[in-house]
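Peer 1: Sharing a structure with you now.
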Amino acid sequence: MSTFPWKTTLAGAALLAATAYAYAQMSPSTDGPMGMRGQMQHGDMSGPMAQMHQQMMQGGMGQGMHEGMQADMRGGMGMHRGMHAQQSSAEPDATGQDAFGAIQEVVQILEADPKTDWSKVNIAALREHLIDMNEVTLHAAATERVTNDSLEITVTGEGRTLAAIKRMVPAQVQELAAMGWKATTQELPNGLTLTVAATEAQPLAKLKALGFMGLMVQGHYHPQHHLMMAKGQFMH
């Protein structure tokens with residue numbers, strides 16, 4: 001913000017004091033400087049001093065102070081507008097849909113990699129897989145029961161959900177086996193049965209707590225798996 005007002009006030013005050021002192025020295029009044037000082041302190045100025053004070057306030061000094069105040073106000077309003085414009089120029093980051101965001105992220109990675117072989121890229125396959133994930137996560141029915149130190153889960157669905165179950169669950173069983181879990185599947189007309197045996201590393205209490213979706217999300221391969229699928233290097 002501008003520093004004009006206090007500088008103007010200080011300069012005006014100094015000029016007024018100097019003029020008053022000079023006038024008091026030149027005045028033939030018997031009051032002398034002390035009388036003049038008393039008039040100034042009590043606001044009782046008349047004659048030439050009153051005219052001088054009025055001219056200074058109405059003229060250059062008053063106008064300067066007024067213009068300085070206006071400049072400060074304009075500066076403050078400009079700063080406020082600038083801050084408001086900066087805030088309103090922010091852009092959102094959320095894509096609005098998880099599958100859309102996942103595909104967008106993979107495409108950006110592929111475009112940033114000069115070694116990407118676009119003749120093999122298959123974004124459509126990644127989209128189909130993300131639809132499978134959505135169907136299994138949100139629409140598949142899972143019934144769980146404990147049998148002989150194992151967790152048995154019957155996973156069923158219809159139409160697109162059934163197709164997703166038969167693609168995703170056996171693929172996840174392979175990943176669980178690679179991690180040391182004892183998991184198997186058995187086909188059913190409307191789905192399949194997923195059986196996971198309890199072990200010392202994976203006790204039955206943990207298997208029950210995880211349930212169907214807790215088992216489906218085991219492993220940290222999913223993001224890399226999606227990138228490989230988009231590159232055409234991996235399919236269920």
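Residues in the structure tokens are numbered from 1 in each chain, the chains being A, B, ... in the order shown, and ligands are numbered from 1 in the order shown.
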Please provide the set of residues having any atom within 8 Å of stretch 151-163 of chain A, restricted to only C-alpha atoms, with same-chain residues fewer than 6 positions apart removed, written as an mmCIF file with C-alpha atoms, in the first residue's frame.

Peer 2:
```cif
data_model
loop_
_atom_site.group_PDB
_atom_site.id
_atom_site.type_symbol
_atom_site.label_atom_id
_atom_site.label_comp_id
_atom_site.auth_asym_id
_atom_site.auth_seq_id
_atom_site.Cartn_x
_atom_site.Cartn_y
_atom_site.Cartn_z
ATOM 1 C CA ASP A 132 -14.995 -55.757 -14.427
ATOM 2 C CA GLU A 135 -19.064 -55.053 -11.417
ATOM 3 C CA VAL A 136 -17.307 -57.358 -8.938
ATOM 4 C CA HIS A 139 -22.733 -55.852 -7.926
ATOM 5 C CA ALA A 140 -21.434 -59.341 -7.136
ATOM 6 C CA ALA A 141 -23.154 -61.221 -4.301
ATOM 7 C CA ALA A 142 -20.803 -62.931 -1.824
ATOM 8 C CA THR A 143 -21.889 -65.460 0.796
ATOM 9 C CA GLU A 144 -19.213 -66.505 3.291
ATOM 10 C CA ARG A 145 -18.957 -69.488 5.650
ATOM 11 C CA ASN A 190 -24.016 -68.589 -11.772
ATOM 12 C CA GLY A 191 -20.548 -67.831 -10.425
ATOM 13 C CA LEU A 192 -17.874 -69.706 -8.483
ATOM 14 C CA THR A 193 -16.734 -70.726 -5.040
ATOM 15 C CA LEU A 194 -13.557 -69.169 -3.650
ATOM 16 C CA THR A 195 -11.907 -71.168 -0.845
ATOM 17 C CA VAL A 196 -8.965 -69.819 1.165
ATOM 18 C CA ALA A 197 -7.321 -72.093 3.744
ATOM 19 C CA ALA A 198 -6.114 -70.651 7.042
ATOM 20 C CA LEU A 204 -8.791 -67.893 10.109
ATOM 21 C CA LEU A 207 -9.590 -64.374 6.656
ATOM 22 C CA LYS A 208 -13.021 -63.856 8.223
ATOM 23 C CA PHE A 212 -14.414 -61.397 -0.147
#
```

Peer 1: Within 7 Å of A:Pro170, counting only C-alpha atoms, which residues show up once you throw out same-chain ones fewer than 4 positions away? Write them as an MDAnalysis selection string, please.

Peer 2: chainID A and resid 166 174 185

Peer 1: Taking N, CA and C atoms for each residue, export the selection above as a CSV table (one decimal), in the first residue's frame.

Peer 2:
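Final output, saved to selection.csv:
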```
chain,number,residue,atom,x,y,z
A,166,LYS,N,-16.0,-64.4,-13.3
A,166,LYS,CA,-15.2,-65.5,-13.8
A,166,LYS,C,-13.9,-65.0,-14.4
A,174,GLN,N,-4.6,-66.6,-8.5
A,174,GLN,CA,-3.2,-66.8,-9.0
A,174,GLN,C,-2.2,-65.8,-8.2
A,185,THR,N,-10.5,-72.1,-6.6
A,185,THR,CA,-11.8,-71.7,-7.1
A,185,THR,C,-12.5,-72.9,-7.7
```

Peer 1: Excluding same-chain residues fewer than 3 positions from stretch 216-224 of chain A, what lies within 8 Å of it counting only C-alpha atoms, as a list in words?

Peer 2: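 My reading of the contact set: Val169, Gln172, Glu175, Leu176, Met179, Phe212, Met213, Leu227 and Met228 of chain A.
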
Peer 1: Could you pull out the residues in stretch 114-157 of chain A that DSSP calls helix (DSSP H, G or I) from the backbone, as a count of residues only?

Peer 2: 16

Peer 1: Given only C-alpha atoms as the basis, pick out the residue of A:Glu105, A:Val173, A:Ile165, A:Ile123 nearest to A:Pro189.

Peer 2: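 When distances to A:Pro189 are compared using only C-alpha atoms, the smallest one comes from A:Ile165.
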